[in-house]
>>> print(open('target35.txt').read())   # compact mmCIF, C-alpha atoms
# COMPACT_ATOMS: atom_id res chain seq x y z
CA MET A 104 0.00 0.00 0.00
CA THR A 105 1.30 3.47 -0.92
CA ASP A 106 0.17 7.00 -0.15
CA LEU A 107 -1.05 7.17 -3.77
CA ASP A 108 -3.42 4.27 -3.07
CA LEU A 109 -4.96 6.26 -0.20
CA LEU A 110 -5.39 9.27 -2.50
CA HIS A 111 -7.04 7.05 -5.11
CA PHE A 112 -9.44 5.76 -2.44
CA GLU A 113 -10.44 9.34 -1.56
CA GLN A 114 -11.18 9.85 -5.29
CA LEU A 115 -13.26 6.68 -5.27
CA LYS A 116 -15.32 7.88 -2.27
CA LYS A 117 -16.16 11.10 -4.16
CA ASP A 118 -17.20 9.10 -7.22
CA VAL A 119 -19.40 6.84 -5.05
CA GLN A 120 -21.06 9.93 -3.56
CA ALA A 121 -21.61 11.44 -7.02
CA GLN A 122 -23.07 8.18 -8.36
CA TYR A 123 -25.59 7.95 -5.50
CA LEU A 124 -26.62 11.63 -5.80
CA LYS A 125 -27.63 11.05 -9.44
CA GLU A 126 -30.79 9.22 -8.34
CA TYR A 127 -31.28 9.93 -4.61
CA ASN A 128 -31.63 12.92 -2.28
CA PRO A 129 -30.13 11.98 1.11
CA SER A 130 -30.28 14.17 4.24
CA TYR A 131 -26.83 15.58 3.36
CA ASP A 132 -24.91 15.66 0.08
CA GLU A 133 -21.63 14.77 1.82
CA ILE A 134 -21.32 11.01 2.26
CA SER A 135 -19.48 11.44 5.57
CA LYS A 136 -22.68 12.87 7.13
CA TRP A 137 -24.97 10.01 6.11
CA LYS A 138 -26.48 7.84 8.81
CA GLY A 139 -29.50 5.70 9.58
CA ILE A 140 -31.95 5.38 6.70
CA ASP A 141 -29.55 7.08 4.23
CA ILE A 142 -27.01 4.27 4.75
CA ILE A 143 -29.75 1.64 4.34
CA TYR A 144 -30.88 3.12 1.01
CA PHE A 145 -27.25 3.35 -0.16
CA GLN A 146 -26.73 -0.35 0.72
CA GLU A 147 -29.85 -1.19 -1.29
CA ASP A 148 -28.52 0.71 -4.33
CA LEU A 149 -25.12 -0.98 -3.97
CA ARG A 150 -26.73 -4.44 -3.93
CA LYS A 151 -28.81 -3.52 -6.98
CA LYS A 152 -25.99 -2.14 -9.14
CA ALA A 153 -22.86 -3.95 -7.94
CA LYS A 154 -24.45 -7.20 -6.65
CA GLY A 155 -22.71 -6.89 -3.28
CA ASN A 156 -22.84 -5.15 0.08
CA ILE A 157 -20.65 -3.45 2.69
CA SER A 158 -21.49 -3.59 6.36
CA GLU A 159 -22.57 -0.58 8.38
CA LYS A 160 -19.38 -0.93 10.44
CA SER A 161 -17.22 -0.73 7.29
CA PHE A 162 -19.19 2.35 6.13
CA TYR A 163 -18.46 4.18 9.40
CA THR A 164 -14.80 3.08 9.34
CA TYR A 165 -13.97 4.22 5.80
CA PHE A 166 -16.53 6.94 4.91
CA LYS A 167 -16.95 8.88 8.17
CA SER A 168 -13.35 10.11 8.32
CA SER A 169 -11.18 11.65 5.61
CA PRO A 170 -8.47 10.93 4.76
CA VAL A 171 -8.32 7.34 5.99
CA SER A 172 -5.10 5.78 7.30
CA LYS A 173 -5.60 2.33 5.77
CA LEU A 174 -7.26 0.83 2.70
CA PRO A 175 -10.27 -1.50 2.81
CA ARG A 176 -9.96 -5.08 1.58
CA ILE A 177 -9.55 -5.56 -2.17
CA ASP A 178 -13.05 -7.10 -2.53
CA MET A 179 -14.62 -3.93 -1.07
CA LEU A 180 -12.46 -1.74 -3.36
CA ASN A 181 -13.54 -3.78 -6.40
CA LEU A 182 -17.21 -3.58 -5.31
CA LEU A 183 -17.16 0.23 -4.96
CA SER A 184 -15.28 0.58 -8.27
CA ILE A 185 -17.95 -1.50 -10.05
CA TYR A 186 -20.64 0.71 -8.46
CA THR A 187 -19.02 3.80 -10.04
CA GLY A 188 -18.84 2.17 -13.49
CA TYR A 189 -15.39 0.54 -13.58
CA ASN A 190 -14.45 -3.10 -13.96
CA SER A 191 -12.21 -3.25 -10.89
CA TRP A 192 -10.11 -1.24 -8.42
CA TYR A 193 -7.13 -1.55 -10.79
CA ASP A 194 -9.24 -0.24 -13.67
CA PHE A 195 -10.33 2.73 -11.52
CA LYS A 196 -6.75 3.62 -10.57
CA LYS A 197 -5.63 3.30 -14.20
CA SER A 198 -8.28 5.90 -15.15
CA HIS A 199 -7.19 8.32 -12.38
CA LEU A 200 -3.38 8.28 -12.65
CA PHE A 201 -1.48 11.13 -11.00
CA ALA A 202 1.36 12.95 -12.75
CA GLY A 203 4.39 10.66 -12.95
CA GLU A 204 2.56 7.65 -11.43
CA LEU A 205 3.40 4.22 -12.79
CA LEU A 206 0.79 1.52 -12.28
CA THR A 207 1.79 -2.14 -12.45
CA ASP A 208 -0.09 -5.36 -11.96
CA ASP A 209 2.23 -6.26 -9.06
CA LYS A 210 0.21 -4.03 -6.74
CA ASP A 211 -2.79 -6.34 -7.04
CA LEU A 212 -0.83 -9.44 -5.96
CA SER A 213 -2.19 -11.16 -2.88
CA ASP A 214 -0.12 -11.59 0.29
CA ASP A 215 0.36 -15.32 -0.43
CA GLU A 216 1.63 -14.58 -3.94
CA MET A 217 4.11 -11.98 -2.58
CA LYS A 218 5.42 -14.50 -0.01
CA GLU A 219 5.93 -17.15 -2.72
CA LEU A 220 7.79 -14.56 -4.82
CA GLU A 221 10.07 -13.69 -1.87
CA LYS A 222 10.82 -17.42 -1.27
CA THR A 223 11.74 -17.88 -4.95
CA VAL A 224 14.18 -14.93 -4.87
CA SER A 225 15.72 -16.08 -1.59
CA SER A 226 16.28 -19.63 -2.85
CA ALA A 227 17.90 -18.27 -6.00
CA LEU A 228 20.42 -16.28 -3.93
CA ASN A 229 21.50 -19.28 -1.78
CA LEU A 230 23.99 -20.80 -4.25
CA PRO A 231 25.61 -24.19 -3.38
CA LYS A 232 29.24 -24.26 -2.23
CA THR A 233 31.75 -25.58 -4.85
CA GLU A 234 34.73 -26.20 -2.59
CA GLU A 235 35.14 -29.80 -1.57
CA GLU A 236 35.91 -30.51 2.03
CA PRO A 237 39.18 -32.30 2.62
CA LYS A 238 38.78 -35.98 3.21
CA LYS A 239 39.65 -37.24 6.66
CA THR A 240 42.40 -39.82 6.85
CA GLU A 241 41.49 -42.85 8.88
CA PHE A 242 44.13 -44.56 10.91
CA LYS A 243 43.67 -48.24 11.74
CA ALA A 244 45.58 -49.86 14.53
CA GLU A 245 47.29 -53.09 13.83
CA GLU A 246 45.30 -56.09 14.95
CA THR A 247 47.02 -58.22 17.48
CA THR A 248 46.03 -61.70 18.43
CA ILE A 249 46.47 -62.76 22.02
CA LEU A 250 46.48 -66.43 22.61
CA GLN A 251 45.54 -67.62 26.06
CA GLU A 252 45.02 -70.95 27.64
CA ILE A 253 41.34 -71.44 28.53
CA ASN A 254 39.97 -74.09 30.90
CA THR A 255 36.70 -74.86 29.10
CA GLU A 256 35.52 -77.44 31.58
CA ASN A 257 35.52 -75.15 34.64
CA GLN A 258 33.92 -72.29 32.67
CA HIS A 259 30.99 -74.49 31.59
CA ILE A 260 30.14 -75.53 35.16
CA GLU A 261 30.24 -71.93 36.50
CA GLN A 262 28.10 -70.70 33.63
CA ASN A 263 25.36 -73.30 34.29
CA THR A 264 25.17 -72.30 37.97
CA ILE A 265 24.80 -68.59 37.13
CA ASN A 266 22.08 -69.27 34.53
CA SER A 267 20.08 -71.33 37.06
CA ASP A 268 20.10 -68.49 39.62
CA ILE A 269 19.04 -65.94 37.04
CA THR A 270 16.12 -68.13 35.86
CA GLU A 271 14.82 -68.61 39.42
CA LYS A 272 14.94 -64.87 40.18
CA SER A 273 13.17 -64.08 36.90
CA GLN A 274 10.32 -66.46 37.74
CA ILE A 275 9.85 -64.86 41.20
CA LYS A 276 9.77 -61.38 39.64
CA LEU A 277 7.26 -62.54 37.02
CA VAL A 278 4.87 -63.93 39.68
CA LYS A 279 5.05 -60.66 41.66
CA LYS A 280 4.48 -58.62 38.51
CA ASN A 281 1.41 -60.68 37.52
CA TYR A 282 -0.04 -60.30 41.01
CA GLN A 283 0.49 -56.52 40.97
CA ARG A 284 -1.06 -56.27 37.51
CA THR A 285 -4.16 -58.23 38.58
CA ALA A 286 -4.59 -56.07 41.68
CA TRP A 287 -4.20 -52.89 39.60
CA ILE A 288 -6.80 -54.03 37.04
CA ALA A 289 -9.30 -54.89 39.79
CA ALA A 290 -8.81 -51.53 41.55
CA THR A 291 -9.13 -49.63 38.25
CA SER A 292 -12.35 -51.46 37.35
CA ILE A 293 -13.93 -50.62 40.71
CA PHE A 294 -12.88 -46.97 40.31
CA VAL A 295 -14.36 -46.75 36.80
CA VAL A 296 -17.69 -48.22 37.99
CA LEU A 297 -17.90 -45.76 40.89
CA LEU A 298 -16.96 -42.85 38.62
CA GLY A 299 -19.65 -43.88 36.13
CA LEU A 300 -22.29 -43.97 38.85
CA LEU A 301 -21.26 -40.51 40.04
CA GLY A 302 -21.18 -39.11 36.48
CA PHE A 303 -24.60 -40.42 35.49
CA LYS A 304 -26.43 -39.92 38.75
CA ASP A 305 -28.11 -36.78 37.34
CA GLU A 306 -29.42 -38.69 34.32
CA ILE A 307 -30.72 -41.46 36.57
CA PHE A 308 -32.85 -39.07 38.65
CA GLN A 309 -33.85 -36.64 35.83
CA LYS A 310 -37.40 -36.38 34.42
CA ASN A 311 -38.51 -35.42 30.92
CA TYR A 312 -41.02 -32.59 30.30
CA VAL A 313 -42.63 -31.60 26.99
CA TYR A 314 -44.17 -28.16 26.29
CA CYS A 315 -46.12 -27.46 23.08
CA PHE A 316 -47.36 -24.03 21.90
CA THR A 317 -50.64 -22.92 20.29
CA ASP A 318 -52.00 -19.65 18.93
CA ALA A 319 -54.41 -18.24 21.53
CA ASP A 320 -56.73 -16.74 18.87
CA ARG A 321 -56.85 -19.61 16.37
CA ASN A 322 -56.16 -22.60 18.67
CA LEU A 323 -53.61 -23.93 16.15
CA SER A 324 -50.01 -24.95 16.53
CA VAL A 325 -47.62 -21.95 16.41
CA GLN A 326 -45.99 -21.81 12.99
CA ARG A 327 -43.19 -19.40 13.90
CA ASP A 328 -39.74 -19.84 15.41
CA ILE A 329 -39.81 -19.62 19.21
CA GLU A 330 -36.95 -18.66 21.54
CA ILE A 331 -36.99 -19.99 25.10
CA LYS A 332 -34.65 -18.80 27.87
CA VAL A 333 -34.46 -21.14 30.86
CA ILE A 334 -33.58 -19.11 33.96
CA LYS A 335 -31.77 -20.80 36.84
CA GLU A 336 -30.76 -19.19 40.10
CA ASN A 337 -27.11 -18.08 40.21
CA GLU A 338 -26.60 -19.24 36.60
CA SER A 339 -26.57 -17.59 33.18
CA PRO A 340 -29.75 -18.14 31.09
CA ILE A 341 -29.77 -21.08 28.66
CA LEU A 342 -31.24 -20.27 25.22
CA TYR A 343 -33.21 -22.80 23.16
CA ARG A 344 -34.61 -22.23 19.63
CA ILE A 345 -37.72 -24.19 18.70
CA LYS A 346 -38.67 -24.66 15.03
CA PRO A 347 -42.25 -23.96 13.80
CA GLY A 348 -44.73 -26.61 14.92
CA GLU A 349 -42.28 -28.38 17.25
CA CYS A 350 -42.52 -28.86 21.03
CA PHE A 351 -39.90 -27.97 23.65
CA LYS A 352 -38.43 -31.05 25.33
CA TYR A 353 -36.61 -30.39 28.59
CA GLN A 354 -34.86 -32.81 30.96
CA THR A 355 -34.17 -31.78 34.57
CA LYS A 356 -34.01 -32.97 38.15
CA ASP A 357 -34.88 -29.50 39.51
CA LYS A 358 -38.10 -28.92 41.43
CA THR A 359 -38.93 -25.62 39.68
CA LEU A 360 -38.77 -24.26 36.11
CA LYS A 361 -38.71 -20.63 34.92
CA MET A 362 -38.98 -19.88 31.18
CA GLN A 363 -39.05 -16.65 29.14
CA ILE A 364 -40.78 -17.29 25.80
CA SER A 365 -40.53 -14.93 22.80
CA SER A 366 -41.37 -15.05 19.09
CA THR A 367 -41.36 -12.78 16.04
CA THR A 368 -45.16 -12.40 16.03
CA TYR A 369 -46.31 -13.20 19.59
CA GLU A 370 -46.22 -11.38 22.91
CA ASN A 371 -43.40 -12.27 25.28
CA LEU A 372 -44.47 -14.66 28.05
CA GLU A 373 -42.82 -15.74 31.31
CA VAL A 374 -43.77 -19.17 32.64
CA ASN A 375 -43.05 -20.46 36.17
CA ARG A 376 -43.73 -24.08 37.07
CA THR A 377 -43.42 -26.19 40.23
CA LEU A 378 -42.36 -29.56 38.88
CA GLU A 379 -43.02 -31.77 41.91
CA ASN A 380 -46.60 -32.49 40.81
CA ALA A 381 -46.51 -30.98 37.30
CA PRO A 382 -47.66 -33.04 34.27
CA GLU A 383 -44.93 -34.31 31.99
CA GLN A 384 -46.65 -32.79 28.92
CA GLU A 385 -48.36 -29.36 28.72
CA THR A 386 -49.75 -26.97 26.07
CA ILE A 387 -49.00 -23.24 26.43
CA GLU A 388 -51.02 -20.53 24.60
CA LEU A 389 -49.20 -17.58 22.98
CA LYS A 390 -51.09 -14.35 22.27
CA PRO A 391 -50.43 -12.65 18.89
CA ASP A 392 -48.75 -9.22 19.08
CA ASP A 393 -50.23 -6.70 16.60
CA TYR A 394 -47.02 -4.64 16.49
CA LYS A 395 -44.80 -7.65 15.83
CA MET A 396 -47.28 -8.93 13.24
CA ALA A 397 -47.11 -5.64 11.28
CA LEU A 398 -43.33 -5.47 11.52
CA TYR A 399 -42.95 -9.11 10.48
CA TYR A 400 -45.24 -8.53 7.49
CA PHE A 401 -43.10 -5.69 6.13
CA SER A 402 -39.80 -7.48 6.78
CA MET A 403 -40.85 -10.70 5.00
CA LYS A 404 -43.20 -9.50 2.23
CA ASP A 405 -42.55 -7.53 -0.96
CA ILE A 406 -45.42 -5.06 -1.41
CA ASN A 407 -46.22 -4.69 -5.10
CA GLY A 408 -49.32 -4.29 -7.24
CA GLU A 409 -52.13 -1.82 -7.62
CA ASN A 410 -53.14 -1.79 -3.94
CA SER A 411 -49.61 -1.46 -2.54
CA GLU A 412 -49.96 2.23 -1.54
CA GLU A 413 -53.29 1.56 0.15
CA LEU A 414 -51.85 -1.39 2.03
CA ILE A 415 -48.88 0.67 3.24
CA LYS A 416 -51.25 3.38 4.48
CA GLN A 417 -53.26 0.75 6.33
CA LYS A 418 -50.16 -0.67 8.05
CA ARG A 419 -48.86 2.81 8.91
CA LYS A 420 -52.18 3.65 10.56
CA GLN A 421 -52.02 0.41 12.52
CA LEU A 422 -48.53 1.24 13.83
CA GLU A 423 -49.52 4.83 14.66
CA ASN A 424 -52.30 3.50 16.87
CA LEU A 425 -49.97 1.03 18.61
CA ILE A 426 -47.01 3.39 19.26
CA SER A 427 -47.31 6.27 21.74
CA ASN A 428 -46.56 9.78 20.47
CA GLU A 429 -44.00 10.15 23.30
CA ALA A 430 -42.32 6.78 22.62
CA VAL A 431 -38.54 6.64 23.07
CA ILE A 432 -37.14 4.90 19.97
CA THR A 433 -33.41 4.06 19.71
CA GLN A 434 -31.40 2.39 16.92
CA VAL A 435 -28.21 0.53 17.92
CA TYR A 436 -25.27 0.40 15.48
CA ASP A 437 -22.35 -2.05 15.09
CA SER A 438 -19.82 0.78 15.08
CA ASP A 439 -17.17 2.22 17.38
CA VAL A 440 -17.70 5.65 15.78
CA TYR A 441 -21.47 5.92 16.10
CA GLY A 442 -23.26 3.69 18.61
CA LEU A 443 -26.84 4.95 19.12
CA GLU A 444 -29.35 7.13 17.27
CA SER A 445 -32.74 8.38 18.48
CA LEU A 446 -35.68 8.40 16.06
CA ASP A 447 -39.05 10.05 16.36
CA LYS A 448 -42.27 8.07 15.87
CA GLN A 449 -42.92 9.11 12.25
CA LYS A 450 -39.36 8.48 11.10
CA TYR A 451 -39.41 5.03 12.68
CA ILE A 452 -42.74 4.14 11.07
CA THR A 453 -41.36 5.28 7.68
CA LEU A 454 -38.31 3.06 8.21
CA VAL A 455 -40.26 -0.11 9.07
CA THR A 456 -42.97 0.38 6.42
CA THR A 457 -40.53 0.88 3.53
CA PRO A 458 -40.05 -2.57 1.96
CA THR A 459 -36.25 -3.09 1.80
CA THR A 460 -34.10 -6.19 2.19
CA ALA A 461 -32.45 -4.56 5.23
CA LEU A 462 -35.68 -5.07 7.22
CA LYS A 463 -35.09 -8.83 7.11
CA ASN A 464 -32.19 -8.22 9.51
CA LEU A 465 -34.15 -5.91 11.86
CA ASN A 466 -34.07 -7.20 15.42
CA VAL A 467 -36.08 -5.65 18.27
CA ILE A 468 -33.77 -5.74 21.29
CA GLU A 469 -36.25 -4.37 23.80
CA MET A 470 -39.85 -3.11 23.74
CA LYS A 471 -42.00 -1.79 26.59
CA LYS A 472 -45.77 -1.22 26.77
CA GLU A 473 -47.90 0.84 29.10
CA LYS A 474 -51.70 0.89 29.02
CA GLY A 475 -51.80 -0.86 25.66
CA LYS A 476 -49.35 1.57 23.98
CA ILE A 477 -45.72 1.01 23.03
CA VAL A 478 -43.63 3.55 24.97
CA SER A 479 -40.09 2.30 24.29
CA ILE A 480 -38.37 0.50 21.38
CA LYS A 481 -34.70 -0.39 21.04
CA PHE A 482 -33.77 -2.10 17.75
CA LYS A 483 -30.82 -3.02 15.58
CA ILE A 484 -30.39 -3.76 11.86
CA SER A 485 -27.66 -6.35 11.43
CA THR A 486 -25.69 -6.28 8.20
CA HIS A 487 -23.50 -8.93 6.60
CA GLU A 488 -20.71 -7.67 4.41
CA ASN A 489 -20.77 -8.79 0.78
CA SER A 490 -24.08 -10.58 1.22
CA LYS A 491 -26.08 -10.78 -2.01
>>> encode(input="target35.txt", output="structure tokens")
Amino acid sequence: MTDLDLLHFEQLKKDVQAQYLKEYNPSYDEISKWKGIDIIYFQEDLRKKAKGNISEKSFYTYFKSSPVSKLPRIDMLNLLSIYTGYNSWYDFKKSHLFAGELLTDDKDLSDDEMKELEKTVSSALNLPKTEEEPKKTEFKAEETTILQEINTENQHIEQNTINSDITEKSQIKLVKKNYQRTAWIAATSIFVVLLGLLGFKDEIFQKNYVYCFTDADRNLSVQRDIEIKVIKENESPILYRIKPGECFKYQTKDKTLKMQISSTTYENLEVNRTLENAPEQETIELKPDDYKMALYYFSMKDINGENSEELIKQKRKQLENLISNEAVITQVYDSDVYGLESLDKQKYITLVTTPTTALKNLNVIEMKKEKGKIVSIKFKISTHENSK
């Protein structure tokens, strides 16, 4: 990376801004001042024209400050270059050369390719040595033969006696070793059995409970994903995700059970059970939430056709009746630069009733109601970089 690359990136940011301003009117012309719904609409246009996406975190990292101190990844540079009408980042730089700048293909080599190139050069420089090492001269001592008189008869008798003693001692050691091995195997077996009983004692005394879920209005099985948090004293909550139409199966030896149940279209519910005399199977009713229903509709449906405007007006009116005029609405961002943003009621309703693919990633972190009205909403729109 060179300083010229950083200057080229600043040029690219200006071209991206100019391209977007051809068709849209954001809150500010300068791209560094965009936030919230402006970024969402820009991401939509980027997906449409360049078939890719950059995350909200990357937008704040590279577009909120100028000049930047480091370049984005090459895939992001190529994506933004395609958005402005070029084939690649290299093609963009070639069309914006500075005076005296030389552009070579080597600058687009990957890190792995550069490392392989360095290894090739290094191996070429390590030439083999041509000088032969002097051979060592070996000196052999003259072999001498010493003739001695050997009494073979006496040696044979002594050798037999020694072999007999060694054999007897080996047999004694073998008997002791076999005894020790048998005792060790027996002790290990007893230990393993006791350890198994201790390890599986919970499973032996545990009971199985099954909880199924139905729609309180239609008396049908819930056809939405359900999240269940099991709360235990002095422990972190355990999260379970239940697929549409399935029941929650839970195994425990505890005497009580506390569950927090939530879904994309139903009101949150907290369930407390004393399990000493509780049935092993139970059906729990979930009440539909009008607000979640409306939000889910816009996040999952594409509104098209002749009656689309009328349908949007109908859903807006429904949300206006559900949300208090004094509601505190906060959007949370995945960014170190900009963490939270407050929205008024009308701006929030416009955001959630505008059919965009970003709404599929909208997640309500917290919502509070008072007297049938929503008074607080905290939400987040998760983004996945380069998702198509």
>>> atom_distance(input="target35.txt", atom1="CA of Lys352 (chain A)", atom2="CA of Gln309 (chain A)")
12.7 Å
>>> residues_around(input="target35.txt", residues="Leu360 (chain A)", least_positions_apart="2", cutoff="7 Å", atoms="only C-alpha atoms", output="count of residues only")
5
>>> closest_residue(input="target35.txt", among="A:Ser292, A:Thr460, A:Thr270, A:Asn466", to="Ile143 (chain A)", atoms="only C-alpha atoms")
A:Thr460
>>> atom_distance(input="target35.txt", atom1="CA of Gln417 (chain A)", atom2="CA of Ala430 (chain A)")
20.5 Å
>>> atom_distance(input="target35.txt", atom1="CA of Tyr312 (chain A)", atom2="CA of Gln354 (chain A)")
6.2 Å
>>> axis_aligned_box(input="target35.txt", around="region 169-173 of chain A", padding_each_side="5 Å", output="lines of an AutoDock Vina configuration file")
center_x = -8.1
center_y = 7.0
center_z = 6.0
size_x = 16.1
size_y = 19.3
size_z = 12.5
>>> closest_residue(input="target35.txt", among="A:Tyr127, A:Phe482, A:Tyr436, A:Phe351", to="Ile468 (chain A)", atoms="only C-alpha atoms")
A:Phe482
>>> residues_near_point(input="target35.txt", point="(-18.2, 4.3, -7.9)", cutoff="9 Å", atoms="all atoms listed in the file", output="PyMOL selection string")
chain A and resi 115-123+182-189+195
>>> closest_residue(input="target35.txt", among="A:Ile275, A:Leu200, A:Ile387, A:Leu342", to="Thr317 (chain A)", atoms="only C-alpha atoms")
A:Ile387
>>> residues_around(input="target35.txt", residues="Glu113 (chain A)", least_positions_apart="2", cutoff="12 Å", atoms="all atoms listed in the file", output="number ranges by chain")
A: 106-111, 115-120, 134-135, 165-175, 180, 183, 195-196, 199
